[in-house]
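Asker: Below are the structure tokens for one structure; questions will follow.
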Amino acid sequence: MPENKTSTHTKQIALIGLMSAVICILGPLSIPLPVSPVPISFTNFAVFLAVYLLELKGGTLCFLVYLALGSAGLPVFSGFSGGLGKLAGPTGGYLIGFIFLALIQGLMMKRFPGKNSAAIAGMVLGMAVCYFFGTIWLAWQMELSFTSALMLGVVPYLSGDAVKIIITALAAPKLKLALKRAEI
């Protein structure tokens, strides 16, 4: 029996809520580095996954829900922190940059539907833009040169973020297929 529009809409809202919760669970998990004020975070991995599964609108909305919850004070940001102070701190530029990550990855997936290579390109380009915002903000916050901020807030994370992209590229298509088969 074909689904009605209300049923599809309800499933979409439920998936957005579920993936927002996944971001809220993975986002606080972080590993501080002694050489940088920016911890290794799983937030970008959760965003990659949310956008891959829910595409442009749903994936971006998941991150915006996460950002709103964290800004309101819930401890969903790295290190189980929350509040507007986190956005104003050294890692705030990365948090804002994740919005662009979601948008870019989602736009690439929308432009080239069903192409895993487009999703990967979107993740890579989106992370580059996120790094840019984060580096500018980190440089300003800590009174560093752009190059120094890049060395502190990007270079140590490149290999780990590449691994997160690879894991997403391998796992997310299978998860998406499983959701489709389950008619979710």
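A note on labels: chains of the structure tokens are A, B, ... as shown, every chain counts residues from 1, and ligands are counted from 1 in their shown order.
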Can you list, as a ChimeraX atom specification, every residue of stretch 16-108 of chain A that DSSP puts in strand (DSSP E or B)?

Answerer: /A:30-33,36-41,77,81

Asker: Just all heavy atoms for this one: save the residues we selected as a compact mmCIF listing (two decimals), in the first residue's frame.

Answerer:
```txt
# COMPACT_ATOMS: atom_id res chain seq x y z
N SER A 30 35.11 13.70 22.77
CA SER A 30 36.27 14.38 22.20
C SER A 30 37.53 13.97 22.94
O SER A 30 37.48 13.50 24.06
CB SER A 30 36.08 15.90 22.26
OG SER A 30 35.92 16.33 23.59
N ILE A 31 38.62 14.16 22.24
CA ILE A 31 39.93 13.84 22.81
C ILE A 31 40.75 15.13 22.80
O ILE A 31 41.09 15.63 21.72
CB ILE A 31 40.63 12.75 21.98
CG1 ILE A 31 39.76 11.49 21.91
CG2 ILE A 31 42.01 12.44 22.56
CD1 ILE A 31 40.18 10.50 20.86
N PRO A 32 41.03 15.70 23.97
CA PRO A 32 41.83 16.92 24.00
C PRO A 32 43.27 16.64 23.55
O PRO A 32 43.82 15.57 23.83
CB PRO A 32 41.79 17.37 25.45
CG PRO A 32 41.18 16.28 26.22
CD PRO A 32 40.63 15.25 25.28
N LEU A 33 43.84 17.59 22.85
CA LEU A 33 45.23 17.50 22.45
C LEU A 33 46.03 18.53 23.23
O LEU A 33 45.61 19.69 23.31
CB LEU A 33 45.39 17.76 20.94
CG LEU A 33 44.77 16.74 20.00
CD1 LEU A 33 45.01 17.14 18.56
CD2 LEU A 33 45.31 15.36 20.25
N SER A 36 46.87 21.86 21.26
CA SER A 36 45.86 22.68 20.61
C SER A 36 44.64 22.87 21.50
O SER A 36 44.27 21.97 22.26
CB SER A 36 45.43 21.98 19.31
OG SER A 36 44.38 22.69 18.69
N PRO A 37 43.98 24.03 21.39
CA PRO A 37 42.73 24.23 22.12
C PRO A 37 41.56 23.53 21.43
O PRO A 37 40.45 23.51 21.94
CB PRO A 37 42.55 25.75 22.11
CG PRO A 37 43.24 26.19 20.87
CD PRO A 37 44.40 25.25 20.70
N VAL A 38 41.81 22.96 20.26
CA VAL A 38 40.77 22.28 19.49
C VAL A 38 40.91 20.77 19.74
O VAL A 38 41.94 20.19 19.40
CB VAL A 38 40.92 22.59 17.98
CG1 VAL A 38 39.83 21.90 17.18
CG2 VAL A 38 40.93 24.09 17.74
N PRO A 39 39.88 20.14 20.32
CA PRO A 39 39.99 18.70 20.57
C PRO A 39 39.65 17.90 19.30
O PRO A 39 39.03 18.41 18.37
CB PRO A 39 38.92 18.47 21.64
CG PRO A 39 37.87 19.49 21.32
CD PRO A 39 38.63 20.71 20.84
N ILE A 40 40.06 16.65 19.30
CA ILE A 40 39.57 15.73 18.27
C ILE A 40 38.10 15.48 18.62
O ILE A 40 37.78 15.13 19.75
CB ILE A 40 40.35 14.40 18.28
CG1 ILE A 40 41.81 14.65 17.91
CG2 ILE A 40 39.70 13.39 17.35
CD1 ILE A 40 42.70 13.44 18.08
N SER A 41 37.24 15.70 17.67
CA SER A 41 35.80 15.63 17.91
C SER A 41 35.15 14.67 16.92
O SER A 41 35.65 14.47 15.81
CB SER A 41 35.20 17.03 17.75
OG SER A 41 33.81 16.97 17.66
N PHE A 77 28.26 19.92 23.20
CA PHE A 77 29.46 20.30 22.48
C PHE A 77 30.64 19.48 23.01
O PHE A 77 30.53 18.79 24.02
CB PHE A 77 29.73 21.80 22.60
CG PHE A 77 28.69 22.68 21.95
CD1 PHE A 77 28.40 23.93 22.47
CD2 PHE A 77 28.02 22.29 20.81
CE1 PHE A 77 27.47 24.76 21.87
CE2 PHE A 77 27.07 23.12 20.20
CZ PHE A 77 26.80 24.36 20.73
N SER A 81 30.34 20.16 26.98
CA SER A 81 30.12 21.57 27.30
C SER A 81 28.93 22.08 26.50
O SER A 81 28.45 21.42 25.58
CB SER A 81 31.37 22.40 26.98
OG SER A 81 31.68 22.29 25.61
```

Asker: Leaving out A:Lys176 and any residue of its chain fewer than 6 positions from it, which residues lie within 10 Å of it when counting only C-alpha atoms, given as a short mmCIF file (atom, residue, chain, number, x, y, z; two decimals) with N, CA and C atoms, in the first residue's frame?

Answerer:
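Output saved as around_15.cif:
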```cif
data_model
loop_
_atom_site.label_atom_id
_atom_site.label_comp_id
_atom_site.auth_asym_id
_atom_site.auth_seq_id
_atom_site.Cartn_x
_atom_site.Cartn_y
_atom_site.Cartn_z
N LEU A 49 27.39 11.68 8.52
CA LEU A 49 26.41 10.60 8.53
C LEU A 49 24.98 11.13 8.38
N TYR A 52 24.44 12.35 4.86
CA TYR A 52 24.40 11.23 3.92
C TYR A 52 23.04 10.54 3.97
N LEU A 53 22.52 10.34 5.16
CA LEU A 53 21.27 9.62 5.32
C LEU A 53 20.04 10.48 5.03
N LEU A 54 20.08 11.74 5.42
CA LEU A 54 18.90 12.60 5.31
C LEU A 54 19.02 13.68 4.24
N ALA A 182 13.69 -0.96 4.96
CA ALA A 182 12.77 -0.95 6.11
C ALA A 182 11.62 0.04 5.90
N ILE A 184 11.78 3.25 5.86
CA ILE A 184 11.90 4.37 6.81
C ILE A 184 12.46 5.56 6.07
#
```

Asker: Which residues are near A:Pro75? Cut-off 12 Å, only C-alpha atoms, ignore same chain within fewer than 2 positions. Put them as an MDAnalysis selection string.

Answerer: chainID A and resid 23:29 66:73 77:86

Asker: Since we have the selection now, will you write its residues out, keeping N, CA, C and O atoms, as a compact mmCIF listing (two decimals), in the first residue's frame?

Answerer:
```txt
# COMPACT_ATOMS: atom_id res chain seq x y z
N ILE A 23 23.98 13.16 16.76
CA ILE A 23 24.97 14.24 16.81
C ILE A 23 25.20 14.66 18.26
O ILE A 23 26.34 14.89 18.68
N CYS A 24 24.11 14.75 19.03
CA CYS A 24 24.22 15.14 20.44
C CYS A 24 24.98 14.10 21.27
O CYS A 24 25.62 14.44 22.27
N ILE A 25 24.93 12.84 20.86
CA ILE A 25 25.65 11.79 21.57
C ILE A 25 27.13 11.77 21.15
O ILE A 25 28.02 11.67 22.00
N LEU A 26 27.39 11.88 19.85
CA LEU A 26 28.77 11.83 19.38
C LEU A 26 29.52 13.15 19.56
O LEU A 26 30.73 13.15 19.76
N GLY A 27 28.80 14.27 19.50
CA GLY A 27 29.42 15.60 19.61
C GLY A 27 30.25 15.83 20.85
O GLY A 27 31.36 16.36 20.77
N PRO A 28 29.77 15.45 22.03
CA PRO A 28 30.57 15.68 23.24
C PRO A 28 31.80 14.79 23.37
O PRO A 28 32.71 15.10 24.12
N LEU A 29 31.79 13.67 22.65
CA LEU A 29 32.92 12.76 22.73
C LEU A 29 34.11 13.39 22.02
O LEU A 29 34.09 13.62 20.82
N TYR A 66 21.09 20.47 16.80
CA TYR A 66 22.21 20.24 17.71
C TYR A 66 22.82 21.57 18.17
O TYR A 66 23.06 21.79 19.36
N LEU A 67 23.06 22.47 17.23
CA LEU A 67 23.67 23.77 17.54
C LEU A 67 22.76 24.58 18.47
O LEU A 67 23.24 25.20 19.42
N ALA A 68 21.46 24.53 18.23
CA ALA A 68 20.51 25.25 19.09
C ALA A 68 20.50 24.66 20.50
O ALA A 68 20.50 25.41 21.49
N LEU A 69 20.50 23.33 20.59
CA LEU A 69 20.51 22.69 21.91
C LEU A 69 21.79 23.03 22.67
O LEU A 69 21.74 23.35 23.86
N GLY A 70 22.92 22.97 21.99
CA GLY A 70 24.18 23.32 22.63
C GLY A 70 24.25 24.78 23.03
O GLY A 70 24.72 25.12 24.12
N SER A 71 23.75 25.64 22.17
CA SER A 71 23.75 27.09 22.46
C SER A 71 22.86 27.40 23.65
O SER A 71 23.13 28.33 24.41
N ALA A 72 21.80 26.62 23.81
CA ALA A 72 20.89 26.81 24.94
C ALA A 72 21.48 26.31 26.26
O ALA A 72 20.90 26.53 27.32
N GLY A 73 22.62 25.64 26.19
CA GLY A 73 23.29 25.23 27.41
C GLY A 73 23.37 23.73 27.63
O GLY A 73 24.03 23.28 28.58
N PHE A 77 28.26 19.92 23.20
CA PHE A 77 29.46 20.30 22.48
C PHE A 77 30.64 19.48 23.01
O PHE A 77 30.53 18.79 24.02
N SER A 78 31.77 19.58 22.35
CA SER A 78 32.94 18.78 22.74
C SER A 78 33.24 18.93 24.22
O SER A 78 33.09 20.00 24.80
N GLY A 79 33.65 17.83 24.81
CA GLY A 79 33.98 17.83 26.23
C GLY A 79 32.78 18.00 27.13
O GLY A 79 32.91 18.43 28.27
N PHE A 80 31.60 17.67 26.63
CA PHE A 80 30.35 17.79 27.37
C PHE A 80 30.12 19.22 27.87
O PHE A 80 29.77 19.45 29.01
N SER A 81 30.34 20.16 26.98
CA SER A 81 30.12 21.57 27.30
C SER A 81 28.93 22.08 26.50
O SER A 81 28.45 21.42 25.58
N GLY A 82 28.46 23.24 26.88
CA GLY A 82 27.34 23.87 26.18
C GLY A 82 27.30 25.34 26.49
O GLY A 82 28.05 25.84 27.33
N GLY A 83 26.42 26.05 25.81
CA GLY A 83 26.24 27.47 26.04
C GLY A 83 26.85 28.32 24.95
O GLY A 83 27.67 27.85 24.16
N LEU A 84 26.43 29.56 24.92
CA LEU A 84 26.93 30.49 23.90
C LEU A 84 28.42 30.78 24.04
O LEU A 84 29.08 31.13 23.08
N GLY A 85 28.95 30.60 25.25
CA GLY A 85 30.37 30.80 25.47
C GLY A 85 31.23 29.88 24.61
O GLY A 85 32.32 30.25 24.19
N LYS A 86 30.72 28.69 24.33
CA LYS A 86 31.46 27.75 23.48
C LYS A 86 31.55 28.29 22.05
O LYS A 86 32.58 28.18 21.40
```

Asker: Which residues, written as a PyMOL selection string, have at least one atom at most 10 Å from A:Val22, with only C-alpha atoms counted and residues fewer than 5 positions away on the same chain left out?

Answerer: chain A and resi 16-17+27+43+46-47+49-50+62+66

Asker: Give me a file of those residues, with C-alpha atoms, as a PDB file, in the first residue's frame.

Answerer:
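Contents of the output file selection-v4.pdb:
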```pdb
ATOM      1  CA  ILE A  16      15.691  14.202  11.898  1.00  0.00           C
ATOM      2  CA  GLY A  17      15.087  13.832  15.630  1.00  0.00           C
ATOM      3  CA  GLY A  27      29.422  15.599  19.606  1.00  0.00           C
ATOM      4  CA  THR A  43      30.861  16.001  15.551  1.00  0.00           C
ATOM      5  CA  ALA A  46      27.984  12.633  12.949  1.00  0.00           C
ATOM      6  CA  VAL A  47      27.256  15.483  10.506  1.00  0.00           C
ATOM      7  CA  LEU A  49      26.412  10.598   8.525  1.00  0.00           C
ATOM      8  CA  ALA A  50      23.296  12.736   9.087  1.00  0.00           C
ATOM      9  CA  CYS A  62      19.854  17.958  12.312  1.00  0.00           C
ATOM     10  CA  TYR A  66      22.213  20.244  17.712  1.00  0.00           C
TER      11      TYR A  66
END
```

Asker: Kindly indicate which residue among A:Trp137, A:Phe63, A:Phe48, A:Phe132 lies nearest to A:Met109, using only C-alpha atoms for the distances.

Answerer: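 Smallest separation from A:Met109 among the options: A:Phe48.
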
Asker: Please report the interatomic distance between atom CA of A:Ala14 and atom CA of A:Phe98 in Å with one decimal.

Answerer: 21.9 Å

Asker: Using DSSP on the backbone coordinates, identify the residues of chain A assigned to alpha helix (DSSP H); present them as a ChimeraX atom specification.

Answerer: /A:5-26,43-71,84-88,92-111,116-142,146-153,158-181

Asker: Pick the closest to A:Gly97 from A:Gly122, A:Pro173, A:Pro113, A:Gly134: which is it, counting only C-alpha atoms?

Answerer: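 Closest to A:Gly97 of all the choices is A:Gly134.
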
Asker: Could you jot down the atom CA of A:Tyr157 to atom CA of A:Leu144 separation for me, Å, one decimal place?

Answerer: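 Here the two named atoms are 18.4 Å from each other.
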
Asker: Fewer than 4 positions away in the same chain doesn't count, so skip those; otherwise give me all residues within 12 Å of A:Ala121, counting only C-alpha atoms, as a list in words.

Answerer: Phe48, Leu101, Ile104, Gln105, Gly106, Leu107, Met108, Met109, Arg111, Phe112, Lys115, Asn116, Ser117, Leu125, Gly126, Met127, Ala128, Ala162, Ile165, Ile166 and Ala169 of chain A

Asker: May I have the residues from that selection written out with all heavy atoms, as a short mmCIF file (atom, residue, chain, number, x, y, z; two decimals), in the first residue's frame?

Answerer:
```cif
data_model
loop_
_atom_site.label_atom_id
_atom_site.label_comp_id
_atom_site.auth_asym_id
_atom_site.auth_seq_id
_atom_site.Cartn_x
_atom_site.Cartn_y
_atom_site.Cartn_z
N PHE A 48 28.53 14.22 8.84
CA PHE A 48 28.69 13.47 7.59
C PHE A 48 27.58 12.43 7.46
O PHE A 48 26.93 12.30 6.42
CB PHE A 48 30.03 12.71 7.54
CG PHE A 48 31.27 13.53 7.48
CD1 PHE A 48 32.44 13.04 8.04
CD2 PHE A 48 31.31 14.77 6.87
CE1 PHE A 48 33.63 13.74 7.98
CE2 PHE A 48 32.50 15.50 6.81
CZ PHE A 48 33.65 14.99 7.36
N LEU A 101 29.58 22.77 6.10
CA LEU A 101 29.89 21.38 5.78
C LEU A 101 28.61 20.65 5.37
O LEU A 101 28.55 20.00 4.33
CB LEU A 101 30.54 20.69 6.99
CG LEU A 101 30.56 19.15 7.00
CD1 LEU A 101 31.32 18.59 5.81
CD2 LEU A 101 31.11 18.64 8.30
N ILE A 104 27.24 22.06 1.97
CA ILE A 104 28.05 21.68 0.80
C ILE A 104 27.90 20.20 0.50
O ILE A 104 27.69 19.80 -0.65
CB ILE A 104 29.52 22.10 1.01
CG1 ILE A 104 29.62 23.63 1.00
CG2 ILE A 104 30.42 21.47 -0.05
CD1 ILE A 104 30.95 24.17 1.50
N GLN A 105 28.02 19.36 1.52
CA GLN A 105 27.85 17.93 1.29
C GLN A 105 26.45 17.65 0.74
O GLN A 105 26.30 16.90 -0.22
CB GLN A 105 28.07 17.15 2.59
CG GLN A 105 27.90 15.64 2.41
CD GLN A 105 27.96 14.89 3.73
OE1 GLN A 105 28.37 15.40 4.76
NE2 GLN A 105 27.55 13.63 3.69
N GLY A 106 25.44 18.26 1.34
CA GLY A 106 24.07 18.06 0.88
C GLY A 106 23.84 18.54 -0.54
O GLY A 106 23.16 17.88 -1.33
N LEU A 107 24.42 19.68 -0.89
CA LEU A 107 24.27 20.20 -2.26
C LEU A 107 24.95 19.30 -3.28
O LEU A 107 24.41 19.07 -4.37
CB LEU A 107 24.82 21.62 -2.36
CG LEU A 107 23.96 22.70 -1.73
CD1 LEU A 107 24.72 24.03 -1.66
CD2 LEU A 107 22.65 22.88 -2.51
N MET A 108 26.12 18.77 -2.93
CA MET A 108 26.80 17.85 -3.84
C MET A 108 25.97 16.58 -4.04
O MET A 108 25.85 16.08 -5.15
CB MET A 108 28.20 17.49 -3.31
CG MET A 108 29.21 18.61 -3.40
SD MET A 108 29.63 19.06 -5.10
CE MET A 108 30.56 17.63 -5.60
N MET A 109 25.39 16.09 -2.97
CA MET A 109 24.56 14.89 -3.07
C MET A 109 23.28 15.15 -3.86
O MET A 109 22.81 14.28 -4.58
CB MET A 109 24.25 14.35 -1.67
CG MET A 109 25.48 13.79 -0.97
SD MET A 109 25.14 13.22 0.70
CE MET A 109 24.07 11.83 0.35
N ARG A 111 22.98 17.46 -6.23
CA ARG A 111 23.36 17.71 -7.63
C ARG A 111 23.71 16.42 -8.35
O ARG A 111 23.45 16.27 -9.53
CB ARG A 111 24.57 18.67 -7.65
CG ARG A 111 25.17 18.93 -9.00
CD ARG A 111 24.25 19.80 -9.86
NE ARG A 111 24.89 20.17 -11.09
CZ ARG A 111 24.76 19.52 -12.25
NH1 ARG A 111 24.01 18.45 -12.32
NH2 ARG A 111 25.38 19.94 -13.32
N PHE A 112 24.29 15.46 -7.63
CA PHE A 112 24.69 14.18 -8.21
C PHE A 112 24.09 13.03 -7.39
O PHE A 112 24.82 12.33 -6.67
CB PHE A 112 26.22 14.06 -8.25
CG PHE A 112 26.89 15.17 -9.00
CD1 PHE A 112 27.46 16.24 -8.33
CD2 PHE A 112 26.93 15.15 -10.39
CE1 PHE A 112 28.08 17.28 -9.03
CE2 PHE A 112 27.54 16.17 -11.10
CZ PHE A 112 28.11 17.25 -10.42
N LYS A 115 25.45 9.16 -6.23
CA LYS A 115 26.89 9.05 -6.51
C LYS A 115 27.67 9.19 -5.20
O LYS A 115 27.74 10.27 -4.62
CB LYS A 115 27.34 10.15 -7.49
CG LYS A 115 26.61 10.16 -8.80
CD LYS A 115 27.14 9.06 -9.68
CE LYS A 115 26.48 9.17 -11.05
NZ LYS A 115 26.71 8.00 -11.83
N ASN A 116 28.26 8.10 -4.77
CA ASN A 116 29.06 8.13 -3.54
C ASN A 116 30.24 9.08 -3.69
O ASN A 116 30.65 9.74 -2.74
CB ASN A 116 29.52 6.71 -3.19
CG ASN A 116 29.86 6.56 -1.72
OD1 ASN A 116 29.32 7.24 -0.86
ND2 ASN A 116 30.78 5.66 -1.44
N SER A 117 30.78 9.17 -4.91
CA SER A 117 31.91 10.07 -5.14
C SER A 117 31.52 11.53 -4.91
O SER A 117 32.32 12.32 -4.41
CB SER A 117 32.46 9.89 -6.55
OG SER A 117 31.46 10.13 -7.51
N LEU A 125 35.11 18.98 0.48
CA LEU A 125 34.96 20.43 0.28
C LEU A 125 34.32 21.09 1.49
O LEU A 125 34.74 22.18 1.91
CB LEU A 125 34.10 20.70 -0.97
CG LEU A 125 34.73 20.35 -2.30
CD1 LEU A 125 33.70 20.47 -3.43
CD2 LEU A 125 35.93 21.24 -2.58
N GLY A 126 33.33 20.43 2.07
CA GLY A 126 32.67 20.97 3.26
C GLY A 126 33.62 21.10 4.43
O GLY A 126 33.61 22.09 5.16
N MET A 127 34.48 20.10 4.61
CA MET A 127 35.47 20.17 5.70
C MET A 127 36.48 21.29 5.44
O MET A 127 36.89 21.97 6.37
CB MET A 127 36.21 18.84 5.87
CG MET A 127 35.58 17.86 6.85
SD MET A 127 34.99 18.49 8.43
CE MET A 127 36.45 19.14 9.19
N ALA A 128 36.85 21.49 4.17
CA ALA A 128 37.79 22.56 3.84
C ALA A 128 37.18 23.92 4.23
O ALA A 128 37.87 24.77 4.82
CB ALA A 128 38.14 22.53 2.36
N ALA A 162 40.08 12.42 7.51
CA ALA A 162 40.07 11.58 6.30
C ALA A 162 39.52 10.19 6.63
O ALA A 162 38.72 9.63 5.86
CB ALA A 162 41.47 11.48 5.71
N ILE A 165 35.78 10.38 6.93
CA ILE A 165 35.15 10.44 5.60
C ILE A 165 35.12 9.05 4.97
O ILE A 165 34.09 8.64 4.41
CB ILE A 165 35.89 11.46 4.70
CG1 ILE A 165 35.61 12.88 5.19
CG2 ILE A 165 35.47 11.30 3.22
CD1 ILE A 165 36.46 13.97 4.53
N ILE A 166 36.20 8.31 5.08
CA ILE A 166 36.25 6.95 4.52
C ILE A 166 35.22 6.04 5.20
O ILE A 166 34.48 5.31 4.53
CB ILE A 166 37.68 6.37 4.63
CG1 ILE A 166 38.61 7.12 3.69
CG2 ILE A 166 37.68 4.87 4.33
CD1 ILE A 166 40.10 6.86 3.94
N ALA A 169 31.83 7.00 3.98
CA ALA A 169 31.64 6.58 2.58
C ALA A 169 31.39 5.08 2.47
O ALA A 169 30.67 4.63 1.57
CB ALA A 169 32.84 6.98 1.74
#
```

Asker: Could you tell me which of A:Phe42, A:Lys164, A:Ile13, A:Lys174 comes closest to A:Ile120 if we count only C-alpha atoms?

Answerer: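 Closest residue, counting only C-alpha atoms: A:Lys164.
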